[in-house]
file protein06.cif (mmCIF, C-alpha atoms)
data_model
#
loop_
_atom_site.group_PDB
_atom_site.id
_atom_site.type_symbol
_atom_site.label_atom_id
_atom_site.label_comp_id
_atom_site.auth_asym_id
_atom_site.auth_seq_id
_atom_site.Cartn_x
_atom_site.Cartn_y
_atom_site.Cartn_z
ATOM 1 C CA MET A 484 20.188 -18.782 -6.050
ATOM 2 C CA SER A 485 22.649 -17.510 -3.461
ATOM 3 C CA LYS A 486 21.794 -15.517 -0.359
ATOM 4 C CA GLU A 487 23.112 -12.337 -1.958
ATOM 5 C CA ALA A 488 21.060 -12.964 -5.108
ATOM 6 C CA PHE A 489 17.943 -13.464 -2.994
ATOM 7 C CA LEU A 490 18.487 -10.267 -1.026
ATOM 8 C CA SER A 491 19.269 -8.147 -4.059
ATOM 9 C CA ALA A 492 16.277 -9.572 -5.958
ATOM 10 C CA LEU A 493 14.085 -8.651 -3.029
ATOM 11 C CA GLU A 494 15.614 -5.198 -2.745
ATOM 12 C CA ALA A 495 15.101 -4.574 -6.458
ATOM 13 C CA GLU A 496 11.404 -5.437 -6.146
ATOM 14 C CA LEU A 497 10.964 -3.051 -3.215
ATOM 15 C CA LYS A 498 11.706 0.083 -5.215
ATOM 16 C CA GLY A 499 8.741 2.143 -4.050
ATOM 17 C CA LEU A 500 9.369 1.858 -0.306
ATOM 18 C CA SER A 501 10.926 4.526 1.900
ATOM 19 C CA LYS A 502 14.565 3.935 2.715
ATOM 20 C CA ALA A 503 13.982 3.258 6.408
ATOM 21 C CA GLU A 504 11.262 0.746 5.653
ATOM 22 C CA LYS A 505 13.399 -1.067 3.113
ATOM 23 C CA THR A 506 16.438 -1.226 5.388
ATOM 24 C CA GLU A 507 14.381 -2.627 8.231
ATOM 25 C CA LEU A 508 12.774 -5.359 6.148
ATOM 26 C CA LEU A 509 15.987 -6.383 4.424
ATOM 27 C CA GLN A 510 17.616 -6.610 7.846
ATOM 28 C CA ASP A 511 14.878 -9.034 8.912
ATOM 29 C CA TYR A 512 15.740 -11.319 6.002
ATOM 30 C CA ARG A 513 19.488 -10.926 6.485
ATOM 31 C CA ASP A 514 19.065 -11.953 10.136
ATOM 32 C CA HIS A 515 16.900 -14.846 9.040
ATOM 33 C CA PHE A 516 19.821 -16.207 7.006
ATOM 34 C CA LEU A 517 22.229 -15.769 9.936
ATOM 35 C CA PHE A 518 19.946 -17.570 12.373
ATOM 36 C CA GLY A 519 19.351 -20.322 9.837
ATOM 37 C CA ASN A 520 23.052 -20.773 9.174
ATOM 38 C CA GLU A 521 23.655 -21.064 12.890
ATOM 39 C CA GLU A 522 21.233 -23.986 13.006
ATOM 40 C CA GLY A 523 23.305 -25.608 10.302
ATOM 41 C CA LYS A 524 20.994 -24.884 7.377
ATOM 42 C CA THR A 525 22.490 -24.031 4.003
ATOM 43 C CA ASP A 526 21.502 -20.872 2.133
ATOM 44 C CA GLU A 527 19.735 -23.009 -0.473
ATOM 45 C CA GLU A 528 17.564 -24.686 2.161
ATOM 46 C CA ILE A 529 16.725 -21.345 3.727
ATOM 47 C CA ILE A 530 15.773 -19.808 0.377
ATOM 48 C CA ALA A 531 13.623 -22.802 -0.497
ATOM 49 C CA SER A 532 11.503 -22.329 2.619
ATOM 50 C CA LEU A 533 11.382 -18.518 2.390
ATOM 51 C CA GLY A 534 9.559 -18.522 -0.945
ATOM 52 C CA SER A 535 10.224 -16.366 -3.983
ATOM 53 C CA PRO A 536 11.415 -12.762 -3.472
ATOM 54 C CA GLN A 537 8.862 -11.582 -6.065
ATOM 55 C CA VAL A 538 5.924 -12.978 -4.114
ATOM 56 C CA ILE A 539 7.241 -11.603 -0.824
ATOM 57 C CA ALA A 540 7.796 -8.176 -2.405
ATOM 58 C CA LYS A 541 4.277 -8.052 -3.834
ATOM 59 C CA GLU A 542 2.832 -8.524 -0.418
ATOM 60 C CA ILE A 543 5.113 -5.931 1.159
ATOM 61 C CA ASN A 544 4.390 -3.378 -1.561
ATOM 62 C CA ALA A 545 0.633 -3.768 -1.276
ATOM 63 C CA ASN A 546 0.750 -3.398 2.511
ATOM 64 C CA TYR A 547 3.019 -0.397 2.299
ATOM 65 C CA HIS A 548 1.124 1.598 -0.309
ATOM 66 C CA ILE A 549 -2.198 1.075 1.399
ATOM 67 C CA GLY A 550 -0.631 2.290 4.628
ATOM 68 C CA ILE A 551 0.458 5.491 2.894
ATOM 69 C CA VAL A 552 -2.942 6.124 1.346
ATOM 70 C CA GLU A 553 -4.603 5.742 4.721
ATOM 71 C CA ASP A 554 -2.261 8.352 6.162
ATOM 72 C CA LYS A 555 -2.682 10.891 3.412
ATOM 73 C CA ALA A 556 -4.825 10.456 0.338
ATOM 74 C CA ASN A 557 -3.936 12.126 -2.903
ATOM 75 C CA ALA A 558 -4.367 11.104 -6.511
ATOM 76 C CA GLY A 559 -0.838 9.737 -6.941
ATOM 77 C CA ASN A 560 -0.990 7.663 -3.778
ATOM 78 C CA VAL A 561 -4.369 6.199 -4.587
ATOM 79 C CA PHE A 562 -3.171 5.311 -8.054
ATOM 80 C CA ARG A 563 -0.068 3.547 -6.739
ATOM 81 C CA ALA A 564 -2.084 1.707 -4.110
ATOM 82 C CA THR A 565 -4.540 0.575 -6.776
ATOM 83 C CA TRP A 566 -1.744 -0.854 -8.847
ATOM 84 C CA ALA A 567 -0.214 -2.531 -5.825
ATOM 85 C CA VAL A 568 -3.512 -4.230 -5.018
ATOM 86 C CA ILE A 569 -3.974 -5.290 -8.639
ATOM 87 C CA GLY A 570 -0.520 -6.832 -8.403
ATOM 88 C CA LEU A 571 -1.804 -9.184 -5.719
ATOM 89 C CA GLY A 572 -3.777 -11.205 -8.185
ATOM 90 C CA PHE A 573 -5.385 -11.315 -11.574
ATOM 91 C CA PHE A 574 -8.737 -11.760 -9.880
ATOM 92 C CA ASN A 575 -8.391 -8.198 -8.740
ATOM 93 C CA LEU A 576 -7.901 -6.832 -12.210
ATOM 94 C CA VAL A 577 -11.653 -6.872 -12.744
ATOM 95 C CA ILE A 578 -12.730 -6.263 -9.190
ATOM 96 C CA VAL A 579 -10.439 -3.307 -8.515
ATOM 97 C CA LEU A 580 -9.650 -1.831 -11.893
ATOM 98 C CA ALA A 581 -13.193 -1.619 -13.249
ATOM 99 C CA PRO A 582 -14.705 0.366 -10.358
ATOM 100 C CA PHE A 583 -11.577 2.484 -10.302
ATOM 101 C CA ILE A 584 -11.916 3.473 -13.954
ATOM 102 C CA ALA A 585 -15.643 4.076 -13.601
ATOM 103 C CA LEU A 586 -15.170 6.284 -10.552
ATOM 104 C CA VAL A 587 -12.320 8.231 -12.097
ATOM 105 C CA ALA A 588 -14.385 8.818 -15.241
ATOM 106 C CA LEU A 589 -17.365 9.990 -13.201
ATOM 107 C CA VAL A 590 -15.358 12.383 -11.042
ATOM 108 C CA PHE A 591 -13.411 13.615 -14.040
ATOM 109 C CA SER A 592 -16.558 14.409 -16.017
ATOM 110 C CA GLY A 593 -17.992 16.285 -13.039
ATOM 111 C CA TRP A 594 -14.914 18.466 -12.874
ATOM 112 C CA ILE A 595 -14.922 19.120 -16.611
ATOM 113 C CA THR A 596 -18.569 20.176 -16.480
ATOM 114 C CA SER A 597 -17.970 22.574 -13.621
ATOM 115 C CA ILE A 598 -14.897 24.108 -15.247
ATOM 116 C CA ALA A 599 -16.716 24.519 -18.574
ATOM 117 C CA PHE A 600 -19.637 26.226 -16.826
ATOM 118 C CA ILE A 601 -17.386 28.542 -14.854
ATOM 119 C CA GLY A 602 -15.507 29.439 -18.010
ATOM 120 C CA SER A 603 -18.663 30.253 -19.986
ATOM 121 C CA PRO A 604 -18.557 34.070 -19.405
ATOM 122 C CA LEU A 605 -15.116 33.994 -20.954
ATOM 123 C CA LEU A 606 -16.488 32.234 -24.019
ATOM 124 C CA PHE A 607 -19.279 34.794 -24.136
ATOM 125 C CA ALA A 608 -16.721 37.618 -24.034
ATOM 126 C CA ILE A 609 -14.751 36.103 -26.896
ATOM 127 C CA ASP A 610 -17.929 35.519 -28.882
ATOM 128 C CA ALA A 611 -19.120 39.088 -28.226
ATOM 129 C CA ALA A 612 -15.802 40.664 -29.129
ATOM 130 C CA VAL A 613 -14.950 38.624 -32.195
ATOM 131 C CA PHE A 614 -18.208 37.479 -33.774
ATOM 132 C CA SER A 615 -21.659 38.607 -32.871
ATOM 133 C CA GLY A 616 -21.352 41.603 -30.556
ATOM 134 C CA PHE A 617 -22.994 42.002 -27.113
ATOM 135 C CA ARG A 618 -26.249 40.117 -26.665
ATOM 136 C CA ALA A 619 -28.067 40.423 -23.371
ATOM 137 C CA PHE A 620 -29.591 36.917 -23.308
ATOM 138 C CA GLU A 621 -26.272 35.179 -23.850
ATOM 139 C CA PHE A 622 -24.603 37.439 -21.340
ATOM 140 C CA PHE A 623 -27.022 36.532 -18.559
ATOM 141 C CA ALA A 624 -27.138 32.887 -19.573
ATOM 142 C CA SER A 625 -23.370 32.672 -19.277
ATOM 143 C CA LEU A 626 -23.456 34.362 -15.863
ATOM 144 C CA LEU A 627 -26.060 31.854 -14.731
ATOM 145 C CA LEU A 628 -23.960 28.967 -16.014
ATOM 146 C CA CYS A 629 -20.937 30.390 -14.226
ATOM 147 C CA GLY A 630 -22.905 30.442 -10.976
ATOM 148 C CA ILE A 631 -24.092 26.882 -11.461
ATOM 149 C CA GLY A 632 -20.519 25.913 -12.321
ATOM 150 C CA LEU A 633 -19.298 27.315 -8.998
ATOM 151 C CA PHE A 634 -21.881 25.246 -7.156
ATOM 152 C CA ILE A 635 -20.849 22.111 -9.049
ATOM 153 C CA PHE A 636 -17.237 22.948 -8.261
ATOM 154 C CA ALA A 637 -17.908 23.026 -4.530
ATOM 155 C CA PHE A 638 -19.983 19.871 -4.810
ATOM 156 C CA MET A 639 -17.253 18.064 -6.776
ATOM 157 C CA LYS A 640 -14.692 18.915 -4.118
ATOM 158 C CA TRP A 641 -16.839 17.130 -1.610
ATOM 159 C CA VAL A 642 -17.616 14.225 -3.956
ATOM 160 C CA THR A 643 -13.939 13.714 -4.731
ATOM 161 C CA LYS A 644 -13.110 13.505 -1.052
ATOM 162 C CA VAL A 645 -15.883 11.032 -0.318
ATOM 163 C CA VAL A 646 -15.057 8.899 -3.351
ATOM 164 C CA LEU A 647 -11.365 8.761 -2.422
ATOM 165 C CA GLN A 648 -12.109 7.683 1.136
ATOM 166 C CA GLY A 649 -14.630 5.090 0.003
ATOM 167 C CA PHE A 650 -12.226 3.697 -2.524
ATOM 168 C CA ILE A 651 -9.428 3.396 0.032
ATOM 169 C CA ARG A 652 -11.723 1.400 2.235
ATOM 170 C CA TYR A 653 -12.586 -0.761 -0.749
ATOM 171 C CA LEU A 654 -8.881 -1.317 -1.442
ATOM 172 C CA SER A 655 -8.154 -2.404 2.121
ATOM 173 C CA PHE A 656 -11.131 -4.707 1.999
ATOM 174 C CA ASN A 657 -9.722 -6.189 -1.179
ATOM 175 C CA VAL A 658 -6.327 -6.836 0.306
ATOM 176 C CA SER A 659 -7.856 -8.725 3.196
ATOM 177 C CA LEU A 660 -10.084 -10.548 0.722
ATOM 178 C CA VAL A 661 -7.177 -11.620 -1.441
ATOM 179 C CA LYS A 662 -5.209 -12.632 1.595
ATOM 180 C CA GLY A 663 -8.207 -14.600 2.788
ATOM 181 C CA GLY A 664 -8.154 -12.993 6.217
ATOM 182 C CA LEU A 665 -10.684 -14.259 8.698
ATOM 183 C CA LYS A 666 -11.631 -10.806 9.920
ATOM 184 C CA ASN A 667 -14.374 -8.872 8.177
ATOM 185 C CA GLU A 668 -13.005 -5.378 7.872
ATOM 186 C CA MET B 382 -4.407 -26.214 1.975
ATOM 187 C CA ASN B 383 -5.500 -22.993 0.276
ATOM 188 C CA VAL B 384 -2.785 -20.320 0.324
ATOM 189 C CA GLN B 385 -5.094 -17.358 1.013
ATOM 190 C CA PHE B 386 -6.725 -19.137 3.884
ATOM 191 C CA LYS B 387 -3.387 -19.961 5.453
ATOM 192 C CA LYS B 388 -2.330 -16.327 5.383
ATOM 193 C CA GLY B 389 -5.291 -15.356 7.518
ATOM 194 C CA VAL B 390 -4.532 -18.120 9.974
ATOM 195 C CA LEU B 391 -0.882 -17.048 10.081
ATOM 196 C CA GLU B 392 -1.883 -13.809 11.758
ATOM 197 C CA LEU B 393 -3.691 -15.720 14.470
ATOM 198 C CA CYS B 394 -0.706 -18.070 14.966
ATOM 199 C CA VAL B 395 1.721 -15.185 15.425
ATOM 200 C CA LEU B 396 -0.526 -13.491 17.969
ATOM 201 C CA VAL B 397 -1.087 -16.717 19.905
ATOM 202 C CA LEU B 398 2.636 -17.436 20.063
ATOM 203 C CA LEU B 399 3.327 -13.986 21.469
ATOM 204 C CA ASP B 400 0.610 -14.197 24.088
ATOM 205 C CA LYS B 401 2.692 -16.426 26.369
ATOM 206 C CA GLN B 402 6.068 -14.751 25.919
ATOM 207 C CA ASP B 403 8.058 -12.330 23.776
ATOM 208 C CA ARG B 404 9.768 -13.991 20.845
ATOM 209 C CA TYR B 405 12.133 -12.944 18.061
ATOM 210 C CA GLY B 406 11.311 -13.152 14.372
ATOM 211 C CA TYR B 407 13.230 -16.274 13.445
ATOM 212 C CA GLU B 408 11.869 -18.118 16.447
ATOM 213 C CA LEU B 409 8.288 -17.258 15.448
ATOM 214 C CA VAL B 410 8.901 -18.439 11.903
ATOM 215 C CA GLN B 411 10.347 -21.765 13.088
ATOM 216 C CA LYS B 412 7.583 -22.368 15.640
ATOM 217 C CA ILE B 413 4.943 -21.929 12.983
ATOM 218 C CA SER B 414 6.660 -23.864 10.218
ATOM 219 C CA ASP B 415 7.168 -26.783 12.619
ATOM 220 C CA GLN B 416 3.391 -27.153 12.631
ATOM 221 C CA ILE B 417 2.108 -25.796 9.331
ATOM 222 C CA GLN B 418 3.611 -25.639 5.878
ATOM 223 C CA ILE B 419 4.135 -21.953 5.096
ATOM 224 C CA SER B 420 6.272 -19.702 2.935
ATOM 225 C CA GLU B 421 8.539 -18.521 5.714
ATOM 226 C CA GLY B 422 9.230 -15.270 3.880
ATOM 227 C CA SER B 423 5.671 -14.056 4.329
ATOM 228 C CA VAL B 424 5.934 -13.926 8.121
ATOM 229 C CA TYR B 425 8.208 -10.864 8.202
ATOM 230 C CA PRO B 426 5.889 -8.569 6.204
ATOM 231 C CA LEU B 427 3.089 -9.715 8.491
ATOM 232 C CA LEU B 428 5.119 -8.888 11.613
ATOM 233 C CA ARG B 429 5.926 -5.494 10.149
ATOM 234 C CA ARG B 430 2.281 -4.753 9.397
ATOM 235 C CA LEU B 431 1.037 -5.836 12.813
ATOM 236 C CA THR B 432 3.749 -3.722 14.443
ATOM 237 C CA LYS B 433 2.606 -0.719 12.435
ATOM 238 C CA GLU B 434 -0.956 -1.359 13.511
ATOM 239 C CA GLU B 435 0.328 -1.184 17.092
ATOM 240 C CA TYR B 436 -0.440 -4.769 18.009
ATOM 241 C CA PHE B 437 3.257 -5.292 18.837
ATOM 242 C CA THR B 438 6.197 -3.297 20.045
ATOM 243 C CA THR B 439 9.739 -4.428 19.290
ATOM 244 C CA TYR B 440 13.032 -4.297 21.160
ATOM 245 C CA LEU B 441 16.539 -5.486 20.363
ATOM 246 C CA GLN B 442 18.414 -7.848 22.636
ATOM 247 C CA GLU B 443 22.001 -9.005 22.253
ATOM 248 C CA SER B 444 22.625 -12.730 22.397
ATOM 249 C CA THR B 445 25.789 -14.703 23.014
ATOM 250 C CA GLU B 446 25.710 -16.090 19.489
ATOM 251 C CA GLY B 447 24.507 -14.605 16.234
ATOM 252 C CA PRO B 448 23.106 -11.141 15.538
ATOM 253 C CA PRO B 449 21.058 -9.169 18.086
ATOM 254 C CA ARG B 450 17.533 -10.488 18.210
ATOM 255 C CA LYS B 451 14.522 -8.310 17.473
ATOM 256 C CA TYR B 452 11.888 -9.349 19.985
ATOM 257 C CA TYR B 453 8.183 -8.772 19.483
ATOM 258 C CA GLN B 454 5.964 -7.978 22.435
ATOM 259 C CA LEU B 455 2.180 -7.981 22.388
ATOM 260 C CA THR B 456 0.540 -4.662 23.345
ATOM 261 C CA ALA B 457 -2.794 -4.293 25.123
ATOM 262 C CA LYS B 458 -4.333 -3.534 21.749
ATOM 263 C CA GLY B 459 -2.747 -6.700 20.375
ATOM 264 C CA LYS B 460 -4.153 -8.768 23.198
ATOM 265 C CA SER B 461 -7.690 -7.631 22.656
ATOM 266 C CA TYR B 462 -7.271 -8.183 18.923
ATOM 267 C CA LEU B 463 -6.089 -11.725 19.655
ATOM 268 C CA GLN B 464 -9.226 -12.359 21.729
ATOM 269 C CA GLU B 465 -11.339 -11.109 18.839
ATOM 270 C CA LEU B 466 -9.581 -13.370 16.340
ATOM 271 C CA LEU B 467 -9.731 -16.352 18.669
ATOM 272 C CA GLU B 468 -13.466 -15.976 19.051
ATOM 273 C CA GLU B 469 -13.910 -15.754 15.290
ATOM 274 C CA TRP B 470 -11.654 -18.735 14.777
ATOM 275 C CA ASN B 471 -13.531 -20.849 17.323
ATOM 276 C CA GLN B 472 -16.885 -20.049 15.761
ATOM 277 C CA PHE B 473 -15.504 -20.708 12.324
ATOM 278 C CA SER B 474 -13.821 -24.020 13.121
ATOM 279 C CA ALA B 475 -16.783 -25.227 15.168
ATOM 280 C CA GLY B 476 -19.021 -24.471 12.193
ATOM 281 C CA VAL B 477 -16.790 -26.317 9.762
ATOM 282 C CA ASN B 478 -16.466 -29.284 12.137
ATOM 283 C CA ASN B 479 -20.249 -29.508 12.442
ATOM 284 C CA LEU B 480 -20.603 -29.513 8.689
ATOM 285 C CA ILE B 481 -17.999 -32.232 8.395
ATOM 286 C CA LYS B 482 -19.730 -34.350 11.039
ATOM 287 C CA GLU B 483 -23.102 -34.017 9.318
ATOM 288 C CA GLY B 484 -21.509 -34.836 5.988
ATOM 289 C CA VAL B 485 -19.773 -37.918 7.327
ATOM 290 C CA HIS B 486 -22.892 -39.222 9.101
ATOM 291 C CA ARG B 487 -24.973 -39.147 5.975
ATOM 292 C CA GLU B 488 -22.605 -41.279 3.992
#

call {"tool": "encode", "arguments": {"input": "protein06.cif", "output": "structure tokens"}}
result
Amino acid sequence: MSKEAFLSALEAELKGLSKAEKTELLQDYRDHFLFGNEEGKTDEEIIASLGSPQVIAKEINANYHIGIVEDKANAGNVFRATWAVIGLGFFNLVIVLAPFIALVALVFSGWITSIAFIGSPLLFAIDAAVFSGFRAFEFFASLLLCGIGLFIFAFMKWVTKVVLQGFIRYLSFNVSLVKGGLKNE
Amino acid sequence: MNVQFKKGVLELCVLVLLDKQDRYGYELVQKISDQIQISEGSVYPLLRRLTKEEYFTTYLQESTEGPPRKYYQLTAKGKSYLQELLEEWNQFSAGVNNLIKEGVHRE
């Protein structure tokens, strides 16, 4: 592999990064080649001791996406960070992906329940208009459900926030675990 | 040696090297790889991360030969983090050494 091939392989793997971030990192590696050449090392020797661009990129991507999630959590970010962490090792497939799916399913079902409850007066209206006419019990039952739905809605907003934050912490913990850091974060 | 373990130690090495004086990236990489076998490529992402976490600041300095050098300087936050890591490392290595001693004596 030539120096240019190394740099472009690395750049290709760093697709998700912001432009500034990418430029800065690639400059670090470009400089590394220049300094190495000055010491009389060939590009091949330098590449051999740098390690594979794929492995380097995996590490950079995981660091970067977790950084973004910590700044501002939203569903897309968390999803990308999860994938980046999974990319760090197969070991993580079970340890990260399973809780992630379970949590998403739980939160998702909570939201569905609340939306269904809130929408129940609408269903009552359709039922009353099209099929069985106005019935007092169903009318009040649907209003009650709607009220409960609103409470669940507010509760789910809070749950979602807490779950997201907890999961981000879990992701960071995982990265330091996979990297075998000595610190217990 | 285990790859994951080495990565954790790498962080400590970088911080220790910067405690005495400011150094540029390539210099740090060479200093470390003189002593330990590492994938040199993994040092730069580490430097970037520790800079983001405000353990270092960086500045550029022209040199007579080669490209301008990006120097890393330890911040106050970095210094206290280094102390933390050093303490953990000392406890850890002392523990392992004790275990090794006990193990060797029994044989």

call {"tool": "atom_distance", "arguments": {"input": "protein06.cif", "atom1": "atom CA of B:Tyr405", "atom2": "atom CA of B:Gln472"}}
result
30.0 Å

call {"tool": "atom_distance", "arguments": {"input": "protein06.cif", "atom1": "atom CA of A:Glu542", "atom2": "atom CA of B:Tyr425"}}
result
10.4 Å

call {"tool": "residues_around", "arguments": {"input": "protein06.cif", "residues": "stretch 616-633 of chain A", "least_positions_apart": "2", "cutoff": "10 Å", "atoms": "all atoms listed in the file", "output": "list of chain:residue names"}}
result
A:Gly593, A:Trp594, A:Ile595, A:Thr596, A:Ser597, A:Ile598, A:Ala599, A:Phe600, A:Ile601, A:Gly602, A:Ser603, A:Pro604, A:Leu605, A:Leu606, A:Phe607, A:Ala608, A:Ile609, A:Asp610, A:Ala611, A:Ala612, A:Val613, A:Phe614, A:Ile635, A:Phe636, A:Ala637, A:Phe638, A:Met639

call {"tool": "axis_aligned_box", "arguments": {"input": "protein06.cif", "around": "stretch 611-627 of chain A", "padding_each_side": "6 Å", "output": "AutoDock Vina command-line options"}}
result
--center_x -22.3 --center_y 36.9 --center_z -24.3 --size_x 26.6 --size_y 22.1 --size_z 31.0

call {"tool": "closest_atom_pairs", "arguments": {"input": "protein06.cif", "of": "chain B", "to": "chain A", "cutoff": "12 Å", "atoms": "all atoms listed in the file", "output": "CSV"}}
result
residue,atom,partner,partner_atom,distance
B:Asn383,CA,A:Gly663,CA,9.2
B:Val384,CA,A:Lys662,CA,8.2
B:Gln385,CA,A:Gly663,CA,4.5
B:Phe386,CA,A:Gly663,CA,4.9
B:Lys387,CA,A:Gly663,CA,7.7
B:Lys388,CA,A:Lys662,CA,6.0
B:Gly389,CA,A:Gly664,CA,3.9
B:Val390,CA,A:Gly664,CA,7.3
B:Leu391,CA,A:Gly664,CA,9.2
B:Glu392,CA,A:Gly664,CA,8.4
B:Leu393,CA,A:Leu665,CA,9.2
B:Tyr405,CA,A:Asp511,CA,10.3
B:Gly406,CA,A:Asp511,CA,7.7
B:Tyr407,CA,A:His515,CA,5.9
B:Glu408,CA,A:Phe518,CA,9.1
B:Leu409,CA,A:His515,CA,11.0
B:Val410,CA,A:His515,CA,9.2
B:Gln411,CA,A:Gly519,CA,9.7
B:Ser414,CA,A:Ser532,CA,9.1
B:Asp415,CA,A:Ser532,CA,11.8
B:Gln418,CA,A:Ser532,CA,9.2
B:Ile419,CA,A:Ser532,CA,7.8
B:Ser420,CA,A:Gly534,CA,5.2
B:Glu421,CA,A:Leu533,CA,4.4
B:Gly422,CA,A:Leu533,CA,4.2
B:Ser423,CA,A:Ile539,CA,5.9
B:Val424,CA,A:Leu533,CA,9.1
B:Tyr425,CA,A:Asp511,CA,7.0
B:Pro426,CA,A:Ile543,CA,5.7
B:Leu427,CA,A:Ile543,CA,8.5
B:Leu428,CA,A:Leu508,CA,10.0
B:Arg429,CA,A:Leu508,CA,7.9
B:Arg430,CA,A:Asn546,CA,7.2
B:Leu431,CA,A:Asn546,CA,10.6
B:Lys433,CA,A:Gly550,CA,9.0
B:Glu434,CA,A:Gly550,CA,9.6
B:Ser444,CA,A:Phe518,CA,11.4
B:Glu446,CA,A:Glu521,CA,8.5
B:Gly447,CA,A:Phe518,CA,6.7
B:Pro448,CA,A:Asp514,CA,6.8
B:Pro449,CA,A:Asp514,CA,8.7
B:Arg450,CA,A:Asp514,CA,8.3
B:Lys451,CA,A:Asp511,CA,8.6
B:Tyr452,CA,A:Asp511,CA,11.5
B:Tyr462,CA,A:Lys666,CA,10.3
B:Leu463,CA,A:Lys666,CA,11.2
B:Glu465,CA,A:Lys666,CA,8.9
B:Leu466,CA,A:Lys666,CA,7.2
B:Leu467,CA,A:Leu665,CA,10.2
B:Glu468,CA,A:Lys666,CA,10.7
B:Glu469,CA,A:Leu665,CA,7.5
B:Trp470,CA,A:Leu665,CA,7.6
B:Asn471,CA,A:Leu665,CA,11.2
B:Gln472,CA,A:Leu665,CA,11.0
B:Phe473,CA,A:Leu665,CA,8.8
B:Ser474,CA,A:Leu665,CA,11.2

call {"tool": "resolve_selection", "arguments": {"input": "protein06.cif", "expression": "the PyMOL selection byres ((chain A and resi 567) around 10)", "output": "ChimeraX atom specification"}}
result
/A:541-549,561-566,568-572,654,658

call {"tool": "write_last_selection", "arguments": {"input": "protein06.cif", "atoms": "C-alpha atoms", "output": "PDB file, in the frame of the given file"}}
result
ATOM      1  CA  LYS A 541       4.277  -8.052  -3.834  1.00  0.00           C
ATOM      2  CA  GLU A 542       2.832  -8.524  -0.418  1.00  0.00           C
ATOM      3  CA  ILE A 543       5.113  -5.931   1.159  1.00  0.00           C
ATOM      4  CA  ASN A 544       4.390  -3.378  -1.561  1.00  0.00           C
ATOM      5  CA  ALA A 545       0.633  -3.768  -1.276  1.00  0.00           C
ATOM      6  CA  ASN A 546       0.750  -3.398   2.511  1.00  0.00           C
ATOM      7  CA  TYR A 547       3.019  -0.397   2.299  1.00  0.00           C
ATOM      8  CA  HIS A 548       1.124   1.598  -0.309  1.00  0.00           C
ATOM      9  CA  ILE A 549      -2.198   1.075   1.399  1.00  0.00           C
ATOM     10  CA  VAL A 561      -4.369   6.199  -4.587  1.00  0.00           C
ATOM     11  CA  PHE A 562      -3.171   5.311  -8.054  1.00  0.00           C
ATOM     12  CA  ARG A 563      -0.068   3.547  -6.739  1.00  0.00           C
ATOM     13  CA  ALA A 564      -2.084   1.707  -4.110  1.00  0.00           C
ATOM     14  CA  THR A 565      -4.540   0.575  -6.776  1.00  0.00           C
ATOM     15  CA  TRP A 566      -1.744  -0.854  -8.847  1.00  0.00           C
ATOM     16  CA  VAL A 568      -3.512  -4.230  -5.018  1.00  0.00           C
ATOM     17  CA  ILE A 569      -3.974  -5.290  -8.639  1.00  0.00           C
ATOM     18  CA  GLY A 570      -0.520  -6.832  -8.403  1.00  0.00           C
ATOM     19  CA  LEU A 571      -1.804  -9.184  -5.719  1.00  0.00           C
ATOM     20  CA  GLY A 572      -3.777 -11.205  -8.185  1.00  0.00           C
ATOM     21  CA  LEU A 654      -8.881  -1.317  -1.442  1.00  0.00           C
ATOM     22  CA  VAL A 658      -6.327  -6.836   0.306  1.00  0.00           C
TER      23      VAL A 658
END

call {"tool": "atom_distance", "arguments": {"input": "protein06.cif", "atom1": "atom CA of B:Glu435", "atom2": "atom CA of B:Gly459"}}
result
7.1 Å

call {"tool": "closest_residue", "arguments": {"input": "protein06.cif", "among": "B:Phe437, B:Ala475, B:Arg404, B:Val485", "to": "B:Ser461", "atoms": "all atoms listed in the file"}}
result
B:Phe437

call {"tool": "closest_residue", "arguments": {"input": "protein06.cif", "among": "B:Tyr436, B:Gln442, B:Val397, B:Asn479", "to": "B:Gln454", "atoms": "all atoms listed in the file"}}
result
B:Tyr436

call {"tool": "closest_residue", "arguments": {"input": "protein06.cif", "among": "A:Gln510, A:Ser501, A:Thr525, A:Thr643", "to": "A:Lys486", "atoms": "all atoms listed in the file"}}
result
A:Thr525
